[in-house]
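Presented below is the structure to which this report refers.
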Amino acid sequence: MRTLRWITASFSGTTVDNKTNDCVEVAPSPGGTYVRDSKARDDGVLSFSNAAWAAFLAMITDPAERATWPVSIYTPGRHRDKAAVRPLLDFAHAEWRGAAPAGGTRVEYAFLPHVGAVYVAMRNSASPDNVLLFDSGEWAAFTLGVLNAEFNPALTPA
């Protein structure tokens, strides 16, 4: 198996609530797109087909979709250590969103509010128990990178 090239958004470390370069890490490859948390690599890796990843990117770059996001996702929150807050979040009642190519699995994400902060969970619909968790600063840096086409597999060298 070839070595994956992990990338983070160029906005990591530059957003109001993300000053430590921690972010969603993405490894596009011809065989699929992989996602992990740069500061919680032991939490695992999500894998998606490139078609599912492309559908997800199209969804979160849609202004109508982003207009439904909580405003607090773009403002600094009082984030706790994600490992400590994870058991306190209600994943079972989360409103999972996603877009899928015809007949395929999808990249899903959900906003999870907790004590003045908003966390974002991400999973593969085929493996709903494997969930990565990001704080609003990480998500803001990631989505700015998405809007800047930094995670488009077609634009990323293999």
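Residue numbering restarts at 1 in every chain; chains get A, B, ... in the order shown in the structure tokens, and ligands count up from 1 in that same order.
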Exercise: region 85-93 of chain A partners within 8 Å, only C-alpha atoms, chain neighbours under 6 positions left out, as a list in words: Leu112, Pro113, His114 and Leu133 of chain A
Expected answer as a PyMOL selection string: helix (DSSP H, G or I) residues in region 21-143 of chain A: chain A and resi 41-43+50-60+63-66+71-74+82-88+136-143
Let me see the file: selected residues, C-alpha atoms, as a PDB file, in the first residue's frame.
ATOM      1  CA  ARG A  41      -4.957  10.465  15.418  1.00  0.00           C
ATOM      2  CA  ASP A  42      -5.709   7.535  17.727  1.00  0.00           C
ATOM      3  CA  ASP A  43      -9.420   8.185  17.141  1.00  0.00           C
ATOM      4  CA  ASN A  50     -14.104   9.682  -4.003  1.00  0.00           C
ATOM      5  CA  ALA A  51     -17.686   9.971  -5.296  1.00  0.00           C
ATOM      6  CA  ALA A  52     -19.037  10.276  -1.714  1.00  0.00           C
ATOM      7  CA  TRP A  53     -16.340  12.832  -0.862  1.00  0.00           C
ATOM      8  CA  ALA A  54     -17.178  14.889  -3.967  1.00  0.00           C
ATOM      9  CA  ALA A  55     -20.897  14.838  -3.042  1.00  0.00           C
ATOM     10  CA  PHE A  56     -20.008  15.985   0.494  1.00  0.00           C
ATOM     11  CA  LEU A  57     -17.826  18.825  -0.784  1.00  0.00           C
ATOM     12  CA  ALA A  58     -20.600  19.937  -3.133  1.00  0.00           C
ATOM     13  CA  MET A  59     -23.049  19.906  -0.242  1.00  0.00           C
ATOM     14  CA  ILE A  60     -20.975  21.952   2.202  1.00  0.00           C
ATOM     15  CA  PRO A  63     -24.551  28.542   0.428  1.00  0.00           C
ATOM     16  CA  ALA A  64     -28.074  27.273   1.181  1.00  0.00           C
ATOM     17  CA  GLU A  65     -26.623  24.379   3.212  1.00  0.00           C
ATOM     18  CA  ARG A  66     -24.185  26.600   5.103  1.00  0.00           C
ATOM     19  CA  VAL A  71     -23.998  30.869  13.691  1.00  0.00           C
ATOM     20  CA  SER A  72     -21.882  29.868  16.678  1.00  0.00           C
ATOM     21  CA  ILE A  73     -19.846  27.547  14.451  1.00  0.00           C
ATOM     22  CA  TYR A  74     -17.996  30.663  13.254  1.00  0.00           C
ATOM     23  CA  LYS A  82     -12.625  16.627  23.059  1.00  0.00           C
ATOM     24  CA  ALA A  83     -11.833  13.324  24.785  1.00  0.00           C
ATOM     25  CA  ALA A  84     -13.475  14.643  27.958  1.00  0.00           C
ATOM     26  CA  VAL A  85     -16.532  16.101  26.238  1.00  0.00           C
ATOM     27  CA  ARG A  86     -17.176  13.196  23.817  1.00  0.00           C
ATOM     28  CA  PRO A  87     -19.092  11.054  26.361  1.00  0.00           C
ATOM     29  CA  LEU A  88     -21.300  14.050  27.208  1.00  0.00           C
ATOM     30  CA  SER A 136     -15.688  24.877  15.803  1.00  0.00           C
ATOM     31  CA  GLY A 137     -12.214  26.293  15.123  1.00  0.00           C
ATOM     32  CA  GLU A 138     -11.125  23.107  13.376  1.00  0.00           C
ATOM     33  CA  TRP A 139     -14.381  22.971  11.390  1.00  0.00           C
ATOM     34  CA  ALA A 140     -14.126  26.635  10.393  1.00  0.00           C
ATOM     35  CA  ALA A 141     -10.551  26.162   9.131  1.00  0.00           C
ATOM     36  CA  PHE A 142     -11.601  23.009   7.265  1.00  0.00           C
ATOM     37  CA  THR A 143     -14.639  24.600   5.612  1.00  0.00           C
TER      38      THR A 143
END
Separation of CA of Ala149 (chain A) from CA of Ser10 (chain A), in Å and rounded to one decimal: 10.7 Å
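The smallest atom-to-atom distance between Pro30 (chain A) and any of A:Phe11, A:Arg5, A:Leu46, A:Gly145, using only C-alpha atoms, is found for A:Arg5.
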Those in region 49-158 of chain A with strand (DSSP E or B) from DSSP, as a PyMOL selection string: chain A and resi 97-99+107-114+117-124+127-135
Please dump the current selection as a JSON list (two decimals), in the first residue's frame; keep N, CA and C atoms.
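Generated file (selection-v4.json):
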[["chain", "number", "residue", "atom", "x", "y", "z"],
["A", 97, "ARG", "N", -26.37, 14.93, 8.62],
["A", 97, "ARG", "CA", -26.58, 15.48, 7.27],
["A", 97, "ARG", "C", -25.57, 14.82, 6.34],
["A", 98, "GLY", "N", -25.92, 14.75, 5.08],
["A", 98, "GLY", "CA", -24.98, 14.22, 4.11],
["A", 98, "GLY", "C", -25.59, 14.14, 2.73],
["A", 99, "ALA", "N", -24.75, 13.96, 1.78],
["A", 99, "ALA", "CA", -25.17, 13.77, 0.39],
["A", 99, "ALA", "C", -24.41, 12.57, -0.15],
["A", 107, "VAL", "N", -20.80, 10.71, 3.26],
["A", 107, "VAL", "CA", -20.11, 11.41, 4.33],
["A", 107, "VAL", "C", -21.22, 12.09, 5.12],
["A", 108, "GLU", "N", -21.26, 11.86, 6.43],
["A", 108, "GLU", "CA", -22.28, 12.49, 7.26],
["A", 108, "GLU", "C", -21.61, 13.38, 8.30],
["A", 109, "TYR", "N", -22.29, 14.46, 8.65],
["A", 109, "TYR", "CA", -21.80, 15.32, 9.71],
["A", 109, "TYR", "C", -22.99, 15.84, 10.51],
["A", 110, "ALA", "N", -22.72, 16.21, 11.76],
["A", 110, "ALA", "CA", -23.76, 16.73, 12.64],
["A", 110, "ALA", "C", -23.16, 17.76, 13.58],
["A", 111, "PHE", "N", -23.95, 18.75, 13.92],
["A", 111, "PHE", "CA", -23.55, 19.77, 14.89],
["A", 111, "PHE", "C", -24.04, 19.34, 16.27],
["A", 112, "LEU", "N", -23.15, 19.38, 17.24],
["A", 112, "LEU", "CA", -23.48, 18.95, 18.59],
["A", 112, "LEU", "C", -23.15, 20.08, 19.57],
["A", 113, "PRO", "N", -24.16, 20.79, 20.05],
["A", 113, "PRO", "CA", -23.90, 21.87, 21.01],
["A", 113, "PRO", "C", -23.61, 21.31, 22.39],
["A", 114, "HIS", "N", -22.74, 22.00, 23.10],
["A", 114, "HIS", "CA", -22.43, 21.61, 24.48],
["A", 114, "HIS", "C", -21.85, 22.79, 25.24],
["A", 117, "ALA", "N", -20.51, 25.86, 23.39],
["A", 117, "ALA", "CA", -19.65, 25.54, 22.25],
["A", 117, "ALA", "C", -20.41, 24.61, 21.31],
["A", 118, "VAL", "N", -19.96, 24.55, 20.08],
["A", 118, "VAL", "CA", -20.54, 23.63, 19.11],
["A", 118, "VAL", "C", -19.41, 22.75, 18.59],
["A", 119, "TYR", "N", -19.64, 21.46, 18.63],
["A", 119, "TYR", "CA", -18.71, 20.48, 18.08],
["A", 119, "TYR", "C", -19.33, 19.92, 16.81],
["A", 120, "VAL", "N", -18.48, 19.41, 15.93],
["A", 120, "VAL", "CA", -18.97, 18.82, 14.69],
["A", 120, "VAL", "C", -18.47, 17.38, 14.63],
["A", 121, "ALA", "N", -19.40, 16.47, 14.45],
["A", 121, "ALA", "CA", -19.07, 15.05, 14.32],
["A", 121, "ALA", "C", -19.12, 14.67, 12.85],
["A", 122, "MET", "N", -18.24, 13.76, 12.44],
["A", 122, "MET", "CA", -18.20, 13.29, 11.06],
["A", 122, "MET", "C", -18.11, 11.76, 11.09],
["A", 123, "ARG", "N", -18.81, 11.12, 10.15],
["A", 123, "ARG", "CA", -18.77, 9.66, 10.06],
["A", 123, "ARG", "C", -19.08, 9.21, 8.64],
["A", 124, "ASN", "N", -18.85, 7.94, 8.38],
["A", 124, "ASN", "CA", -19.25, 7.30, 7.13],
["A", 124, "ASN", "C", -20.58, 6.61, 7.43],
["A", 127, "SER", "N", -20.49, 3.05, 8.46],
["A", 127, "SER", "CA", -19.86, 2.73, 9.75],
["A", 127, "SER", "C", -20.26, 3.79, 10.77],
["A", 128, "PRO", "N", -21.53, 3.83, 11.16],
["A", 128, "PRO", "CA", -22.02, 4.94, 11.98],
["A", 128, "PRO", "C", -21.43, 5.03, 13.39],
["A", 129, "ASP", "N", -20.78, 3.97, 13.87],
["A", 129, "ASP", "CA", -20.21, 4.02, 15.22],
["A", 129, "ASP", "C", -18.80, 4.60, 15.23],
["A", 130, "ASN", "N", -18.17, 4.73, 14.08],
["A", 130, "ASN", "CA", -16.82, 5.31, 13.98],
["A", 130, "ASN", "C", -16.99, 6.80, 13.67],
["A", 131, "VAL", "N", -16.84, 7.64, 14.71],
["A", 131, "VAL", "CA", -17.13, 9.06, 14.59],
["A", 131, "VAL", "C", -15.91, 9.89, 14.98],
["A", 132, "LEU", "N", -15.57, 10.86, 14.15],
["A", 132, "LEU", "CA", -14.54, 11.83, 14.50],
["A", 132, "LEU", "C", -15.23, 13.09, 15.00],
["A", 133, "LEU", "N", -14.57, 13.78, 15.92],
["A", 133, "LEU", "CA", -15.15, 14.96, 16.54],
["A", 133, "LEU", "C", -14.22, 16.14, 16.37],
["A", 134, "PHE", "N", -14.76, 17.28, 15.93],
["A", 134, "PHE", "CA", -13.98, 18.50, 15.70],
["A", 134, "PHE", "C", -14.62, 19.66, 16.44],
["A", 135, "ASP", "N", -13.79, 20.58, 16.92],
["A", 135, "ASP", "CA", -14.35, 21.78, 17.54],
["A", 135, "ASP", "C", -14.62, 22.81, 16.44]]
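Atom pair CA of Asn148 (chain A) / CA of Cys23 (chain A) has a distance of 15.2 Å (rounded to one decimal).
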Exercise: Ser47 (chain A) partners within 7 Å, only C-alpha atoms, chain neighbours under 6 positions left out, as a PyMOL selection string: chain A and resi 32-35
Pick from A:Val45, A:Ala102, A:Leu147, A:Leu4, whichever lies nearest to Val24 (chain A) using only C-alpha atoms: A:Val45
